[in-house]
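The file protein-v3.txt contains compact mmCIF, C-alpha atoms and all ligand atoms:
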# COMPACT_ATOMS: atom_id res chain seq x y z
CA MET A 28 -59.08 -22.18 5.61
CA HIS A 29 -59.67 -25.21 3.45
CA ILE A 30 -56.99 -26.00 0.87
CA GLY A 31 -57.62 -28.18 -2.19
CA LEU A 32 -54.86 -30.03 -4.03
CA PHE A 33 -54.80 -32.40 -6.95
CA ASP A 34 -52.37 -34.72 -8.70
CA SER A 35 -52.66 -37.79 -10.93
CA GLY A 36 -51.89 -40.05 -7.96
CA VAL A 37 -49.75 -40.07 -4.83
CA GLY A 38 -47.27 -37.37 -5.93
CA GLY A 39 -49.25 -34.43 -4.61
CA LEU A 40 -49.08 -35.98 -1.14
CA THR A 41 -45.49 -34.67 -0.98
CA VAL A 42 -46.93 -31.15 -1.24
CA LEU A 43 -49.77 -31.97 1.15
CA ARG A 44 -47.24 -33.26 3.72
CA GLU A 45 -45.51 -29.87 3.76
CA LEU A 46 -48.77 -27.89 3.87
CA LYS A 47 -50.10 -29.99 6.75
CA LYS A 48 -46.86 -29.39 8.63
CA SER A 49 -47.05 -25.63 8.01
CA PHE A 50 -50.80 -25.24 8.60
CA PRO A 51 -51.85 -27.93 11.10
CA LYS A 52 -55.27 -26.39 11.75
CA ALA A 53 -56.28 -25.99 8.09
CA GLY A 54 -58.63 -28.41 6.36
CA PHE A 55 -57.55 -30.19 3.17
CA THR A 56 -59.24 -31.89 0.25
CA TYR A 57 -56.98 -34.01 -1.95
CA LEU A 58 -57.95 -35.37 -5.34
CA GLY A 59 -55.84 -38.15 -6.83
CA ASP A 60 -56.95 -38.69 -10.41
CA THR A 61 -55.81 -42.31 -10.41
CA ALA A 62 -58.27 -43.29 -13.16
CA ARG A 63 -56.36 -41.14 -15.64
CA LEU A 64 -52.80 -41.55 -14.30
CA PRO A 65 -50.15 -41.01 -15.62
CA TYR A 66 -50.48 -37.37 -16.59
CA GLY A 67 -46.86 -37.20 -17.68
CA ASN A 68 -47.43 -38.86 -21.05
CA LYS A 69 -50.51 -36.84 -22.00
CA ALA A 70 -50.79 -34.08 -24.60
CA PRO A 71 -51.22 -30.46 -23.45
CA GLU A 72 -54.88 -30.34 -24.63
CA THR A 73 -55.69 -33.41 -22.53
CA LEU A 74 -53.90 -31.99 -19.49
CA ARG A 75 -55.77 -28.72 -19.93
CA LYS A 76 -59.09 -30.57 -19.84
CA TYR A 77 -58.14 -32.65 -16.77
CA THR A 78 -56.77 -29.59 -14.98
CA SER A 79 -59.91 -27.51 -15.42
CA GLN A 80 -62.12 -30.45 -14.41
CA ASN A 81 -60.04 -30.99 -11.26
CA ILE A 82 -60.05 -27.31 -10.34
CA GLU A 83 -63.82 -27.29 -10.78
CA PHE A 84 -64.16 -30.44 -8.66
CA LEU A 85 -62.23 -28.89 -5.78
CA GLU A 86 -64.11 -25.63 -6.15
CA ASN A 87 -67.39 -27.55 -5.79
CA HIS A 88 -66.09 -29.22 -2.63
CA GLY A 89 -65.77 -26.05 -0.65
CA VAL A 90 -62.07 -25.23 -0.85
CA ASP A 91 -60.79 -21.66 -0.52
CA LEU A 92 -57.62 -22.16 -2.50
CA VAL A 93 -56.41 -24.65 -5.13
CA VAL A 94 -52.87 -26.01 -5.43
CA VAL A 95 -51.99 -27.77 -8.67
CA ALA A 96 -49.73 -30.29 -6.92
CA CYS A 97 -48.46 -31.76 -10.17
CA HIS A 98 -45.80 -30.37 -12.48
CA SER A 99 -47.29 -31.92 -15.62
CA ALA A 100 -50.64 -30.22 -14.96
CA SER A 101 -48.87 -27.04 -13.83
CA THR A 102 -47.30 -26.69 -17.31
CA VAL A 103 -50.77 -25.90 -18.68
CA ALA A 104 -51.88 -23.94 -15.61
CA LEU A 105 -49.14 -21.30 -15.54
CA LYS A 106 -51.53 -18.53 -16.46
CA ILE A 107 -54.43 -19.76 -14.33
CA ASN A 108 -54.26 -17.56 -11.25
CA LYS A 109 -57.96 -17.81 -10.47
CA SER A 110 -60.55 -20.60 -10.72
CA PRO A 111 -63.83 -19.94 -12.59
CA LYS A 112 -65.40 -18.90 -9.26
CA GLY A 113 -62.44 -16.64 -8.45
CA LEU A 114 -60.47 -18.82 -6.00
CA PRO A 115 -56.68 -18.41 -6.04
CA VAL A 116 -54.86 -21.17 -7.95
CA LEU A 117 -51.16 -21.91 -7.33
CA ASN A 118 -48.82 -24.12 -9.34
CA VAL A 119 -45.48 -25.77 -8.53
CA ILE A 120 -43.31 -24.57 -11.43
CA GLY A 121 -42.47 -21.02 -10.27
CA PRO A 122 -41.53 -22.09 -6.71
CA SER A 123 -39.15 -24.83 -8.00
CA GLY A 124 -37.47 -22.48 -10.47
CA GLU A 125 -37.06 -19.80 -7.85
CA ILE A 126 -35.29 -22.06 -5.33
CA ALA A 127 -33.09 -23.61 -8.03
CA LEU A 128 -31.97 -20.19 -9.19
CA LYS A 129 -30.90 -19.30 -5.65
CA ALA A 130 -29.28 -22.70 -5.02
CA THR A 131 -27.05 -23.19 -8.06
CA ARG A 132 -23.42 -22.10 -7.85
CA ASN A 133 -22.16 -23.37 -11.20
CA LYS A 134 -25.35 -22.43 -13.10
CA LYS A 135 -25.97 -25.98 -14.29
CA VAL A 136 -29.47 -27.01 -13.27
CA ALA A 137 -30.90 -30.39 -14.18
CA VAL A 138 -34.63 -30.96 -14.38
CA MET A 139 -35.92 -34.47 -13.76
CA ALA A 140 -39.53 -34.58 -14.92
CA THR A 141 -42.18 -36.33 -16.96
CA LYS A 142 -42.20 -36.16 -20.75
CA ALA A 143 -45.06 -33.64 -20.64
CA THR A 144 -43.11 -31.29 -18.38
CA ILE A 145 -39.80 -31.57 -20.25
CA ARG A 146 -41.45 -31.19 -23.67
CA SER A 147 -43.40 -28.13 -22.56
CA GLN A 148 -39.97 -26.39 -22.16
CA VAL A 149 -41.44 -24.65 -19.16
CA TYR A 150 -38.20 -24.63 -17.17
CA VAL A 151 -36.03 -23.70 -20.17
CA ASN A 152 -38.28 -20.68 -20.73
CA TYR A 153 -38.38 -19.81 -17.04
CA PHE A 154 -34.58 -19.69 -16.72
CA LYS A 155 -34.02 -18.08 -20.12
CA GLU A 156 -35.97 -15.10 -18.92
CA LEU A 157 -34.34 -14.80 -15.50
CA ASP A 158 -30.75 -15.84 -16.24
CA PRO A 159 -29.84 -16.63 -19.87
CA THR A 160 -26.37 -17.82 -18.80
CA LEU A 161 -27.85 -20.69 -16.81
CA LYS A 162 -27.62 -24.11 -18.48
CA VAL A 163 -30.64 -26.40 -18.15
CA ILE A 164 -30.09 -30.16 -18.36
CA PRO A 165 -33.49 -31.75 -19.10
CA GLN A 166 -34.03 -35.38 -18.16
CA GLU A 167 -37.25 -37.22 -18.95
CA CYS A 168 -37.94 -39.89 -16.33
CA PRO A 169 -41.18 -41.57 -17.50
CA LEU A 170 -40.65 -44.81 -15.57
CA LEU A 171 -40.41 -43.24 -12.13
CA VAL A 172 -44.12 -42.48 -11.64
CA PRO A 173 -45.28 -46.10 -12.16
CA LEU A 174 -42.45 -47.37 -9.94
CA VAL A 175 -43.46 -45.01 -7.12
CA GLU A 176 -47.17 -45.78 -7.56
CA GLU A 177 -46.28 -49.48 -7.22
CA GLY A 178 -44.40 -48.76 -4.00
CA LEU A 179 -41.08 -49.99 -5.45
CA MET A 180 -38.89 -47.25 -3.95
CA ASP A 181 -36.27 -49.63 -2.58
CA ASP A 182 -36.36 -52.16 -5.39
CA GLU A 183 -33.45 -53.06 -7.67
CA ILE A 184 -35.54 -52.15 -10.75
CA THR A 185 -35.83 -48.59 -9.47
CA ASP A 186 -32.15 -48.53 -8.64
CA PHE A 187 -31.31 -49.58 -12.22
CA VAL A 188 -33.68 -47.01 -13.75
CA LEU A 189 -32.32 -44.23 -11.54
CA THR A 190 -28.73 -45.07 -12.52
CA ARG A 191 -29.75 -44.73 -16.17
CA TYR A 192 -31.64 -41.44 -15.71
CA LEU A 193 -29.04 -39.82 -13.46
CA LYS A 194 -26.01 -40.59 -15.65
CA PRO A 195 -26.48 -37.64 -18.09
CA ILE A 196 -27.05 -35.33 -15.11
CA GLN A 197 -23.81 -36.45 -13.48
CA GLU A 198 -21.90 -36.20 -16.77
CA ALA A 199 -23.16 -32.65 -17.31
CA GLY A 200 -21.94 -31.65 -13.83
CA ALA A 201 -25.21 -30.16 -12.57
CA ASP A 202 -24.94 -28.95 -8.98
CA THR A 203 -28.70 -28.50 -8.61
CA VAL A 204 -31.47 -30.91 -9.61
CA ILE A 205 -35.13 -29.95 -9.69
CA LEU A 206 -37.37 -32.84 -8.68
CA GLY A 207 -39.78 -31.68 -11.38
CA CYS A 208 -42.56 -34.15 -10.66
CA THR A 209 -44.26 -34.31 -7.28
CA HIS A 210 -43.81 -38.10 -7.22
CA TYR A 211 -40.00 -37.77 -7.18
CA PRO A 212 -39.49 -36.42 -3.62
CA ILE A 213 -40.69 -39.90 -2.56
CA LEU A 214 -37.41 -41.11 -4.13
CA LYS A 215 -35.32 -38.28 -2.68
CA LYS A 216 -33.23 -40.56 -0.45
CA GLN A 217 -32.44 -42.91 -3.36
CA ILE A 218 -31.61 -40.03 -5.74
CA ALA A 219 -29.44 -38.30 -3.13
CA ALA A 220 -27.52 -41.51 -2.48
CA LYS A 221 -26.53 -41.66 -6.14
CA LEU A 222 -25.79 -37.97 -6.71
CA GLY A 223 -23.97 -37.28 -3.44
CA THR A 224 -24.26 -34.43 -0.99
CA ALA A 225 -22.66 -31.81 -3.27
CA VAL A 226 -25.78 -31.85 -5.45
CA GLU A 227 -28.80 -29.96 -4.17
CA LEU A 228 -32.22 -31.54 -4.77
CA ILE A 229 -35.09 -29.09 -5.18
CA ASP A 230 -38.59 -29.96 -3.97
CA PRO A 231 -41.04 -27.06 -4.37
CA ALA A 232 -43.33 -28.10 -1.49
CA GLU A 233 -41.73 -25.84 1.09
CA ALA A 234 -41.78 -22.84 -1.25
CA VAL A 235 -45.47 -23.45 -1.99
CA ALA A 236 -46.17 -23.49 1.76
CA GLN A 237 -44.20 -20.29 2.16
CA GLN A 238 -46.19 -18.61 -0.62
CA ILE A 239 -49.49 -19.64 0.99
CA ALA A 240 -48.28 -18.43 4.40
CA THR A 241 -47.37 -15.02 2.96
CA ASP A 242 -50.47 -14.51 0.81
CA HIS A 243 -53.20 -16.24 2.84
CA ASN A 244 -51.90 -16.94 6.36
CA PRO A 245 -54.16 -19.99 7.03
CA LYS A 246 -54.35 -20.01 10.82
CA ASP A 247 -57.49 -22.04 11.34
CA GLY A 248 -59.81 -24.53 9.70
CA SER A 249 -61.45 -27.90 10.26
CA GLY A 250 -58.18 -29.88 10.55
CA ARG A 251 -59.91 -32.48 8.38
CA LEU A 252 -58.41 -34.31 5.41
CA ASP A 253 -60.74 -35.59 2.71
CA LEU A 254 -59.11 -37.82 0.12
CA TYR A 255 -60.81 -38.50 -3.18
CA LEU A 256 -59.49 -41.01 -5.72
CA THR A 257 -61.07 -41.40 -9.15
CA ASP A 258 -60.18 -45.12 -9.22
CA HIS A 259 -58.80 -47.70 -6.82
CA ALA A 260 -55.05 -47.41 -6.16
CA PRO A 261 -53.69 -50.33 -4.13
CA HIS A 262 -50.68 -48.52 -2.65
CA PHE A 263 -52.29 -45.15 -1.99
CA LEU A 264 -53.05 -45.76 1.68
CA GLN A 265 -49.54 -47.08 2.30
CA HIS A 266 -48.07 -43.90 0.75
CA ALA A 267 -50.52 -41.66 2.61
CA GLU A 268 -49.60 -43.29 5.92
CA SER A 269 -45.88 -43.14 5.34
CA LEU A 270 -45.93 -39.53 4.09
CA LEU A 271 -48.56 -38.05 6.37
CA GLY A 272 -48.19 -40.26 9.44
CA GLY A 273 -51.31 -40.97 11.43
CA VAL A 274 -53.95 -38.60 10.12
CA PRO A 275 -56.82 -38.64 12.63
CA ASN A 276 -59.48 -37.07 10.45
CA MET A 277 -58.62 -38.68 7.15
CA GLN A 278 -61.50 -40.10 5.15
CA PHE A 279 -61.55 -41.74 1.74
CA LEU A 280 -64.43 -40.61 -0.42
CA HIS A 281 -65.70 -41.37 -3.86
CA PRO A 282 -65.80 -38.44 -6.33
CA GLU A 283 -69.56 -38.89 -6.73
CA SER A 284 -70.11 -38.30 -3.00
N1 LIG B 301 -46.93 -36.02 -10.09
C1 LIG B 301 -47.15 -35.51 -11.39
C2 LIG B 301 -46.18 -34.49 -11.82
O1 LIG B 301 -45.75 -33.74 -10.96
C3 LIG B 301 -47.77 -36.41 -12.42
C4 LIG B 301 -46.99 -37.56 -12.87
C5 LIG B 301 -47.76 -38.43 -13.82
O2 LIG B 301 -48.91 -38.73 -13.59
O3 LIG B 301 -47.14 -38.80 -14.84
O4 LIG B 301 -45.84 -34.34 -12.97
What would you get if you wrote out this structure as structure tokens?
Ligand code: DGL
Amino acid sequence: MHIGLFDSGVGGLTVLRELKKSFPKAGFTYLGDTARLPYGNKAPETLRKYTSQNIEFLENHGVDLVVVACHSASTVALKINKSPKGLPVLNVIGPSGEIALKATRNKKVAVMATKATIRSQVYVNYFKELDPTLKVIPQECPLLVPLVEEGLMDDEITDFVLTRYLKPIQEAGADTVILGCTHYPILKKQIAAKLGTAVELIDPAEAVAQQIATDHNPKDGSGRLDLYLTDHAPHFLQHAESLLGGVPNMQFLHPES
């Protein structure tokens, strides 16, 4: 099986890391739309356009399944279960909501996400339907994506920004926090250090892998990883190496190729 994923930049690599771990023999094609990053500040119409272009790109590069490895894009892809050519399309919203619902004990769930994701109300609507007594604490974190893209995970600027973003979550007493942007698991250690061990951090990657295992059982494939970036991204390789380790068959390609 060959699995396609896309994100605006390095964030989707956190989902790819989990999929590669779960399906070591599968092939992967990753598209980082770095030319149009960030997605998190874009309007829904723009995200819809980018999302369908990216799905089409992956479809034309021989994948069997598409994972929208970006929450901001997933907000406009909730109802897209199939690509134009009929390939299955998965998003990251449902899996995050599902784990958070199981994890929370005090029914206070914070969502850290981009402006696009928070403003779409996607999580508020998700929980309202499944448990109306659950309180959602939304927290826009627009500065985190550029900080991660710049590789500033252990920098004092990031520390300062995290303190600011996490304060309302701590004050509200959330016991569960959805990392509602695929870039944020890269900051998991730093977020956990501030929130403490009593707060559960939710990363949907494992649940996405579980869903693929159940529905598609990808046992074999080329074992190859093709990475496409729509523009240069100085820290991409560094992130790819630290998240994926040594990837023997990794090749960087240009979208026109
Ligand atoms: N990693 C993405 C997300 O999950 C996109 C972030 C961005 O480009 O702003 O929302």
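We find CA of Thr102 (chain A) and CA of Val138 (chain A) to be spaced 13.7 Å apart.
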Environment of ligand LIG 301 (chain B) within 9 Å, counting all atoms listed in the file, reported as a tab-separated table (two decimals) with C-alpha atoms, keeping the file's coordinate frame:
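As written to disk, pocket-v1.tsv reads:
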chain	number	residue	atom	x	y	z
A	34	ASP	CA	-52.37	-34.72	-8.70
A	35	SER	CA	-52.66	-37.79	-10.93
A	36	GLY	CA	-51.89	-40.05	-7.96
A	37	VAL	CA	-49.75	-40.07	-4.83
A	38	GLY	CA	-47.27	-37.37	-5.93
A	39	GLY	CA	-49.25	-34.43	-4.61
A	60	ASP	CA	-56.95	-38.69	-10.41
A	61	THR	CA	-55.81	-42.31	-10.41
A	63	ARG	CA	-56.36	-41.14	-15.64
A	64	LEU	CA	-52.80	-41.55	-14.30
A	65	PRO	CA	-50.15	-41.01	-15.62
A	66	TYR	CA	-50.48	-37.37	-16.59
A	67	GLY	CA	-46.86	-37.20	-17.68
A	68	ASN	CA	-47.43	-38.86	-21.05
A	69	LYS	CA	-50.51	-36.84	-22.00
A	95	VAL	CA	-51.99	-27.77	-8.67
A	96	ALA	CA	-49.73	-30.29	-6.92
A	97	CYS	CA	-48.46	-31.76	-10.17
A	98	HIS	CA	-45.80	-30.37	-12.48
A	99	SER	CA	-47.29	-31.92	-15.62
A	100	ALA	CA	-50.64	-30.22	-14.96
A	101	SER	CA	-48.87	-27.04	-13.83
A	102	THR	CA	-47.30	-26.69	-17.31
A	119	VAL	CA	-45.48	-25.77	-8.53
A	140	ALA	CA	-39.53	-34.58	-14.92
A	141	THR	CA	-42.18	-36.33	-16.96
A	142	LYS	CA	-42.20	-36.16	-20.75
A	143	ALA	CA	-45.06	-33.64	-20.64
A	144	THR	CA	-43.11	-31.29	-18.38
A	169	PRO	CA	-41.18	-41.57	-17.50
A	170	LEU	CA	-40.65	-44.81	-15.57
A	171	LEU	CA	-40.41	-43.24	-12.13
A	172	VAL	CA	-44.12	-42.48	-11.64
A	173	PRO	CA	-45.28	-46.10	-12.16
A	206	LEU	CA	-37.37	-32.84	-8.68
A	207	GLY	CA	-39.78	-31.68	-11.38
A	208	CYS	CA	-42.56	-34.15	-10.66
A	209	THR	CA	-44.26	-34.31	-7.28
A	210	HIS	CA	-43.81	-38.10	-7.22
A	211	TYR	CA	-40.00	-37.77	-7.18
Checklist entry - Is there a way to get, as a ChimeraX atom specification, all residues within 8 Å of the point (-57.5, -23.6, 9.6) in file coordinates, counting all atoms listed in the file? => result /A:28-29,50-54,245-250
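Of the residues listed (A:Asp182, A:Lys194, A:Val136, A:Tyr153), A:Lys194 shows the shortest atom-to-atom separation from Cys168 (chain A); distances use only C-alpha atoms.
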Please return the centre and edge lengths, in Å to one decimal, of a box with edges along x, y and z that contains all listed atoms of region 70-77 of chain A, widened by 3 Å on every side, as JSON.
{"center_x": -54.9, "center_y": -31.4, "center_z": -20.7, "size_x": 14.3, "size_y": 11.4, "size_z": 13.9}
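Near region 120-135 of chain A, within 8 Å and counting only C-alpha atoms, sit His98, Ser101, Thr102, Leu105, Val149, Tyr150, Tyr153, Phe154, Thr160, Leu161, Lys162, Val163, Ile164, Ala199, Gly200, Ala201, Asp202, Thr203, Val204, Ile205, Gly207, Glu227, Ile229, Asp230, Pro231, Ala234 and Val235 of chain A, not including residues fewer than 6 positions from it in the same chain.
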Which residues of region 160-274 of chain A have any atom within 12 Å of an atom in region 113-117 of chain A when counting all atoms listed in the file, and what is the closest pair of atoms for each, with the distance in Å to one decimal? Order the rows by chain and rising number and write it as a tab-separated table.
residue	atom	partner	partner_atom	distance
A:Pro231	CA	A:Leu117	CA	11.7
A:Ala232	CA	A:Leu117	CA	11.6
A:Ala234	CA	A:Leu117	CA	11.2
A:Val235	CA	A:Leu117	CA	8.0
A:Ala236	CA	A:Leu117	CA	10.5
A:Gln237	CA	A:Leu117	CA	11.9
A:Gln238	CA	A:Leu117	CA	9.0
A:Ile239	CA	A:Leu117	CA	8.8
A:Asp242	CA	A:Pro115	CA	10.0
A:His243	CA	A:Pro115	CA	9.8
Include C-alpha atoms and write out the residues we just selected as a compact mmCIF listing (two decimals), in the coordinates of the input.
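As a result, again.txt now contains:
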# COMPACT_ATOMS: atom_id res chain seq x y z
CA PRO A 231 -41.04 -27.06 -4.37
CA ALA A 232 -43.33 -28.10 -1.49
CA ALA A 234 -41.78 -22.84 -1.25
CA VAL A 235 -45.47 -23.45 -1.99
CA ALA A 236 -46.17 -23.49 1.76
CA GLN A 237 -44.20 -20.29 2.16
CA GLN A 238 -46.19 -18.61 -0.62
CA ILE A 239 -49.49 -19.64 0.99
CA ASP A 242 -50.47 -14.51 0.81
CA HIS A 243 -53.20 -16.24 2.84
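Proximity of A:Pro261, A:Val103, A:Glu156, A:Val226 to Leu74 (chain A), computed with only C-alpha atoms, is greatest for A:Val103.
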Checklist entry - What gap, in Å, lies between CA of Glu233 (chain A) and CA of Phe263 (chain A)? => result 22.2 Å
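For the pair CA of Thr78 (chain A) and CA of Leu254 (chain A), the interatomic distance is 17.4 Å.
Proximity ranking of A:Leu270, A:Ile107, A:Leu58, A:Leu214 relative to Thr41 (chain A) places A:Leu270 first, based on all atoms listed in the file.
Closest approach to Lys48 (chain A) among A:His281, A:Ala240, A:Leu92, A:Glu83: A:Ala240, based on all atoms listed in the file.
Distances from A:Glu45, A:Tyr57, A:Asn244, A:Asn81 to Leu280 (chain A) were compared using all atoms listed in the file, and the smallest one belongs to A:Tyr57.
Closest approach to Gly31 (chain A) among A:Val151, A:Val93, A:Ile82, A:Leu252 is made by A:Val93 (distances from only C-alpha atoms).
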Checklist entry - What lies within 12 Å of Phe84 (chain A) using all atoms listed in the file, ignoring chain neighbours under 2 positions off, as a list in words? => result Gly31, Leu32, Phe33, Thr56, Tyr57, Leu58, Gly59, Asp60, Tyr77, Thr78, Ser79, Gln80, Asn81, Ile82, Glu86, Asn87, His88, Gly89, Val90, Val93, Ser110, Pro111, Lys112, Tyr255, Leu256, Thr257, Pro282, Glu283 and Ser284 of chain A
Reconstruct all heavy atoms of region 113-122 of chain A; output as an mmCIF file, in the coordinates of the input.
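Once written, rebuild.cif looks like this:
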data_model
loop_
_atom_site.group_PDB
_atom_site.id
_atom_site.type_symbol
_atom_site.label_atom_id
_atom_site.label_comp_id
_atom_site.auth_asym_id
_atom_site.auth_seq_id
_atom_site.Cartn_x
_atom_site.Cartn_y
_atom_site.Cartn_z
ATOM 1 N N GLY A 113 -63.295 -17.698 -9.013
ATOM 2 C CA GLY A 113 -62.440 -16.640 -8.450
ATOM 3 C C GLY A 113 -61.536 -17.062 -7.307
ATOM 4 O O GLY A 113 -60.949 -16.220 -6.632
ATOM 5 N N LEU A 114 -61.389 -18.385 -7.070
ATOM 6 C CA LEU A 114 -60.470 -18.820 -6.000
ATOM 7 C C LEU A 114 -59.022 -18.732 -6.508
ATOM 8 O O LEU A 114 -58.770 -18.976 -7.682
ATOM 9 C CB LEU A 114 -60.739 -20.281 -5.618
ATOM 10 C CG LEU A 114 -62.133 -20.669 -5.185
ATOM 11 C CD1 LEU A 114 -62.177 -22.161 -4.873
ATOM 12 C CD2 LEU A 114 -62.534 -19.858 -3.958
ATOM 13 N N PRO A 115 -58.080 -18.434 -5.611
ATOM 14 C CA PRO A 115 -56.680 -18.410 -6.040
ATOM 15 C C PRO A 115 -56.200 -19.814 -6.434
ATOM 16 O O PRO A 115 -56.561 -20.801 -5.785
ATOM 17 C CB PRO A 115 -55.922 -17.927 -4.801
ATOM 18 C CG PRO A 115 -56.937 -17.605 -3.769
ATOM 19 C CD PRO A 115 -58.270 -18.085 -4.209
ATOM 20 N N VAL A 116 -55.420 -19.889 -7.490
ATOM 21 C CA VAL A 116 -54.860 -21.170 -7.950
ATOM 22 C C VAL A 116 -53.335 -21.030 -8.006
ATOM 23 O O VAL A 116 -52.821 -20.096 -8.625
ATOM 24 C CB VAL A 116 -55.389 -21.535 -9.367
ATOM 25 C CG1 VAL A 116 -54.762 -22.840 -9.863
ATOM 26 C CG2 VAL A 116 -56.918 -21.645 -9.377
ATOM 27 N N LEU A 117 -52.632 -21.951 -7.337
ATOM 28 C CA LEU A 117 -51.160 -21.910 -7.330
ATOM 29 C C LEU A 117 -50.616 -23.123 -8.078
ATOM 30 O O LEU A 117 -51.219 -24.183 -8.057
ATOM 31 C CB LEU A 117 -50.618 -21.983 -5.901
ATOM 32 C CG LEU A 117 -51.137 -20.990 -4.875
ATOM 33 C CD1 LEU A 117 -50.424 -21.210 -3.556
ATOM 34 C CD2 LEU A 117 -50.907 -19.570 -5.359
ATOM 35 N N ASN A 118 -49.450 -22.963 -8.701
ATOM 36 C CA ASN A 118 -48.820 -24.120 -9.340
ATOM 37 C C ASN A 118 -47.424 -24.346 -8.738
ATOM 38 O O ASN A 118 -46.968 -23.557 -7.910
ATOM 39 C CB ASN A 118 -48.763 -23.943 -10.862
ATOM 40 C CG ASN A 118 -47.804 -22.851 -11.276
ATOM 41 O OD1 ASN A 118 -46.590 -23.016 -11.183
ATOM 42 N ND2 ASN A 118 -48.344 -21.701 -11.692
ATOM 43 N N VAL A 119 -46.763 -25.418 -9.166
ATOM 44 C CA VAL A 119 -45.480 -25.770 -8.530
ATOM 45 C C VAL A 119 -44.255 -25.404 -9.373
ATOM 46 O O VAL A 119 -43.124 -25.635 -8.940
ATOM 47 C CB VAL A 119 -45.433 -27.290 -8.190
ATOM 48 C CG1 VAL A 119 -46.283 -27.602 -6.981
ATOM 49 C CG2 VAL A 119 -45.830 -28.165 -9.364
ATOM 50 N N ILE A 120 -44.457 -24.847 -10.555
ATOM 51 C CA ILE A 120 -43.310 -24.570 -11.430
ATOM 52 C C ILE A 120 -42.485 -23.375 -10.912
ATOM 53 O O ILE A 120 -41.275 -23.489 -10.707
ATOM 54 C CB ILE A 120 -43.749 -24.273 -12.890
ATOM 55 C CG1 ILE A 120 -44.624 -25.402 -13.445
ATOM 56 C CG2 ILE A 120 -42.538 -23.974 -13.792
ATOM 57 C CD1 ILE A 120 -43.934 -26.652 -13.855
ATOM 58 N N GLY A 121 -43.161 -22.238 -10.721
ATOM 59 C CA GLY A 121 -42.470 -21.020 -10.270
ATOM 60 C C GLY A 121 -41.652 -21.266 -9.004
ATOM 61 O O GLY A 121 -40.446 -20.975 -8.970
ATOM 62 N N PRO A 122 -42.275 -21.843 -7.948
ATOM 63 C CA PRO A 122 -41.530 -22.090 -6.710
ATOM 64 C C PRO A 122 -40.275 -22.940 -6.924
ATOM 65 O O PRO A 122 -39.215 -22.646 -6.376
ATOM 66 C CB PRO A 122 -42.541 -22.819 -5.819
ATOM 67 C CG PRO A 122 -43.868 -22.363 -6.323
ATOM 68 C CD PRO A 122 -43.706 -22.141 -7.800
#
